[in-house]
Structures are given as structure tokens and as C-alpha cells.
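Q: Please see the structure below; I have some questions.
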Amino acid sequence: MWLRGTREGHGAGGGSLASSCSEVRSLLSLIVDHEANDLERARAARHLAGCASCRSFQSFAQRTGAVLHAEGFSTQVVVSGTRHGRRRNASARGREQELAARLASMMKERSEGEAGPVAPRSAFAAAALVAAMSLGIFIGGLGVWTLTQDTVADEAGYPLGSPRIIASRTLDPGTDVQERVSILASWVPRRLADDPYWEKWMMGLTPMSLYDEVHYRPENL
Amino acid sequence: MEQPSARLIGRAARGEERALETLVRMYWGPIQGYLARMVSDEADAEDLTQEVFMRMARGLPGFAAKSKFTTWLFRIAKNQGIDFLRRHEVERVPLERVSAASIVVDPPEYGVEETELLWSCIATLDVDLRSALILRDVHGFSYKEIAEIVDATLSTVKWRIYQARAQVHARYLEGSAADSGAGRSILES
């Protein structure tokens, strides 16, 4: 878009110039800043040979660049065309020192604030978080404890109170055997637990040692 | 533009006053000059420069040196300048594309008056064009660095600098032609 422009020709042979002036000036702007490649430079050179207007633009860009750059090194600040002298004097040094002191104290305050005592609001928030987490752990633990407590007498003489899951399982028609399954299997709905397919699936979740133990218990054979 | 050493930046990031003072001394002029030209008011520019250094101090501990220090600092300054202009709703000069000027003149030599005319032409530019031109011509940043500072693509930066030069060129010629005294003599020289 920025390369588009009307084809203009100025100076001798202008009508036959291959590139438009605006197009070439955009290249000249790059050339002045040493940002153009060889192709662009060659294209601009061909146009410049026959265009005084673009040569003027190039010269203007180069000179203004030099003037502005020199301004950058100077200590004068020009605002809206008005020149205000600003010498690096004692007051400027004083201002820089004062600003540096302010910056240093601000950074010190910040670092102290980060490492300092916890603000009351933060302390309250932290206490509330700890209380909520403790309550969650307690409720969760209570649930797990309830699930793992055997309220049915252990017929096979397994120690009472040891963590286990008791679920109904039907291996043989007419028999109802209470046995240990994994905690995951214990959460399967009853209708699925009674299904032979899901029964196998549940067994798959049961640790093999426990599975074998159940199946090889004399009362299940 | 001169870059501070990594050691100096490190000391400043730890809040050492001497290091901060060195940074302020090194960059107060360029930042204040850039902002003054951006917001067209020296007093505002001074306040903004202080704010830039405040932000610099806050950001220094997190400065990862992914870009040059000056690029980072000027980006802060540019954001400050833009924020200021937005807050004060300074009307932007409408961007007008300048067609290639048909006036053929010899480029002038720059005296005090000509330099003032040049700056007044720059002051009328849209803030984006002005900012790009100042970063390039006054502070000598590369196009890539300018793109980083103003958060724009490289082609946008190229376009802005070209447009800025084209507009300044056209206005300078108009200003010189309108000026019956010095301007005419420059044009005739």
C-alpha cells in the first residue's frame, strides 16, 4: 500500500521513468537509513538519474536526518518550534539525584513490602483457606472411613476393623457372597454389580491377590 | 544509543541509588526530549519523564534483557506519551497522504530559523509518524528497534518514517515559500 503512488515524472525524460515518484521516495527513505537492499538502491538510482524532484527529496531527507540527529546529541529541547535552552547545570544534577533517591527508596519499600509481615487481610484469607482445606480433608476422610468400615461380621475370620469393601456378588445361582472388592467397584450401582459382564469388570478392578483370595476361599468353591 | 552495562542494570535492579542515578543521568535527556516532542509541552514532558523512570525502577527487577535496555525504556516512554495524549484527548493531526511534491528546489542549509521551521513541521505530524521519525532521526534507533518500541510491524515503521519525511518535506517547502524573508532566501540559495 505504501509503495503505491501515481506515476509522475519530473525533469528530463520524466515521462519514461519506470517507477513512480512516491514509490521511489519510499525507497529513498530506506536508502537514507541504510535499510534498502541492492535491488532497491539500483531501482532508485535509475529513477533519480532523470528526476530532480526526487533528488531534492533525498537530499532533504539526508540533511534533515543529520540536523535532527545532531539535535539528539545536543542538550537543547525544542518544543513546537520554540527553543528552550537546557544546560546540564547544578539544578539538573540535583533533580537527577533527588529522583534517584526517590527511586531507591521506592524500590526498598517494595522489597520490604514483599518480604515483610503478612498484612491482616492476607492473614485472614490464609486462615480461611487452611480452615476450608482442613474441613474438606476431614469430610473426605470421614467418607473413606465410612466406606471402608466392615459392619458385617467376618465369617471367614478376617480381622474386624481392617479396611475393606464389602459388596454383594453372585457367583453361583442361589448364593449371595459378601466379598472384598476394590473401592472403585464398590461405587458401581447395584444393577451393574449384578450384571455378569460388569461383575467381571469389577473383578478386574480388584487387586489380583484379593481376587484370588476371594475365589479360592473354601466357602466360594 | 549507548547501552548500560549488565552490571549497572543489576545494581540498579537491587535498588542501589548510585546506579539508579547513573541511569537517570544517562537517559533523562533523550527520554525527556522524546516526550517533549511527542506531547509538545516541556513541563508535561518533565512529569512524564519522572513517571517513566518510576516505571523503569518498578520494572527493573523483572527486566530480562530480551531486548536492549534503551528499547525497553523508550517503549515505556512511548506508552506514557500515548497514555498522556489519550488522557488529555489531544487531537491528532489527521493523517494525510502527501503526494510527491512537484516543487523542485535545492535543499536548504539549516540555520536556527530553518531548524525551528523544521521542528514546527514535525510538530504538526500525527503522533505515530512523529514518534517514528524522532526515534529514527533524533535517537538513531534501527527500524527493527523502532518496531519493538512502538509495537508495530517493520513495514508499518517503514511506511510511517517515509510518510513523516514526505509530509515534513511538503510542509517545509510550503513554510519556506510562505516566509517572505529567510525562507525565500533559502529557496533561492
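Every chain in the C-alpha cells takes a letter, A first, then B, and so on in the order presented; its residues are numbered from 1, and the ligands are numbered from 1 following the presented order.
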Taking only C-alpha atoms into account and nothing else, which residues of chain B lie no more than 6 Å away from chain A? Please answer as an MDAnalysis selection string.
A: chainID B and resid 15 17 20:21 33 37 40 100 104 107 116 119:120 123 137:139 159 162
Q: Tell me which protein, DNA and RNA residues are within 9 Å of region 66-76 of chain B, counting only C-alpha atoms, leaving out same-chain ones fewer than 3 positions away, and put them as a list in words.
A: Met1, Glu2, Gln3, Pro4, Ile9, Tyr27, Ile31, Tyr34, Val52, Phe53, Arg55, Met56, Phe63, Asn79, Gln80, Gly81, Leu135, Phe141, Glu145, Ile146, Glu148, Ile149, Val150 and Asp151 of chain B
Q: Write the residues of the selection above to a file with C-alpha atoms, as a PDB file, in the first residue's frame.
A:
```
ATOM      1  CA  MET B   1      22.460   4.882  21.646  1.00  0.00           C
ATOM      2  CA  GLU B   2      24.757   3.882  24.483  1.00  0.00           C
ATOM      3  CA  GLN B   3      23.660   0.837  26.444  1.00  0.00           C
ATOM      4  CA  PRO B   4      24.245   0.491  30.186  1.00  0.00           C
ATOM      5  CA  ILE B   9      21.417  -2.687  35.422  1.00  0.00           C
ATOM      6  CA  TYR B  27      18.731   8.712  29.779  1.00  0.00           C
ATOM      7  CA  ILE B  31      13.625  10.447  27.194  1.00  0.00           C
ATOM      8  CA  TYR B  34      11.464  12.405  23.008  1.00  0.00           C
ATOM      9  CA  VAL B  52       8.961   6.774  33.033  1.00  0.00           C
ATOM     10  CA  PHE B  53      11.854   6.398  35.464  1.00  0.00           C
ATOM     11  CA  ARG B  55       8.144   2.625  35.931  1.00  0.00           C
ATOM     12  CA  MET B  56      11.666   1.717  34.936  1.00  0.00           C
ATOM     13  CA  PHE B  63      13.928  -6.838  33.112  1.00  0.00           C
ATOM     14  CA  ASN B  79       3.368   4.207  26.271  1.00  0.00           C
ATOM     15  CA  GLN B  80       3.496   7.066  28.753  1.00  0.00           C
ATOM     16  CA  GLY B  81       3.276   9.591  25.936  1.00  0.00           C
ATOM     17  CA  LEU B 135      13.125   7.645  17.167  1.00  0.00           C
ATOM     18  CA  PHE B 141      17.206   3.572  16.526  1.00  0.00           C
ATOM     19  CA  GLU B 145      14.178  -1.417  17.293  1.00  0.00           C
ATOM     20  CA  ILE B 146      11.539   1.171  16.445  1.00  0.00           C
ATOM     21  CA  GLU B 148       9.780  -3.093  19.012  1.00  0.00           C
ATOM     22  CA  ILE B 149       9.353   0.246  20.778  1.00  0.00           C
ATOM     23  CA  VAL B 150       6.145   1.281  19.064  1.00  0.00           C
ATOM     24  CA  ASP B 151       4.819  -2.272  18.896  1.00  0.00           C
TER      25      ASP B 151
END
```
Q: Using DSSP secondary structure from the backbone, list all helix (DSSP H, G or I) positions within chain B, as a PyMOL selection string.
A: chain B and resi 6-13+17-39+42-62+69-87+112-123+127-138+143-150+154-178+182-188
Q: From the list B:Glu16, B:Glu46, B:Asp126, B:Asp83, which residue is nearest Ile161 (chain B) when using only C-alpha atoms?
A: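 Among the listed residues, the smallest separation from Ile161 (chain B) belongs to B:Asp126.
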Q: Mind pulling up the distance from CA of Val32 (chain A) to CA of Ala164 (chain B)?
A: 13.7 Å
Q: Tell me which protein, DNA and RNA residues are within 9 Å of Lys144 (chain B), counting only C-alpha atoms, leaving out same-chain ones fewer than 5 positions away, and put them as a compact mmCIF listing (two decimals) with N, CA and C atoms, in the first residue's frame.
A:
```txt
# COMPACT_ATOMS: atom_id res chain seq x y z
N ILE B 149 9.76 -0.82 19.86
CA ILE B 149 9.35 0.25 20.78
C ILE B 149 7.89 0.63 20.57
N THR B 153 4.65 -3.49 13.10
CA THR B 153 5.45 -4.33 12.19
C THR B 153 6.52 -3.47 11.52
N LEU B 154 7.50 -4.18 10.95
CA LEU B 154 8.60 -3.48 10.29
C LEU B 154 8.08 -2.66 9.11
N VAL B 157 6.54 0.52 10.24
CA VAL B 157 7.57 1.51 10.63
C VAL B 157 8.15 2.18 9.39
```
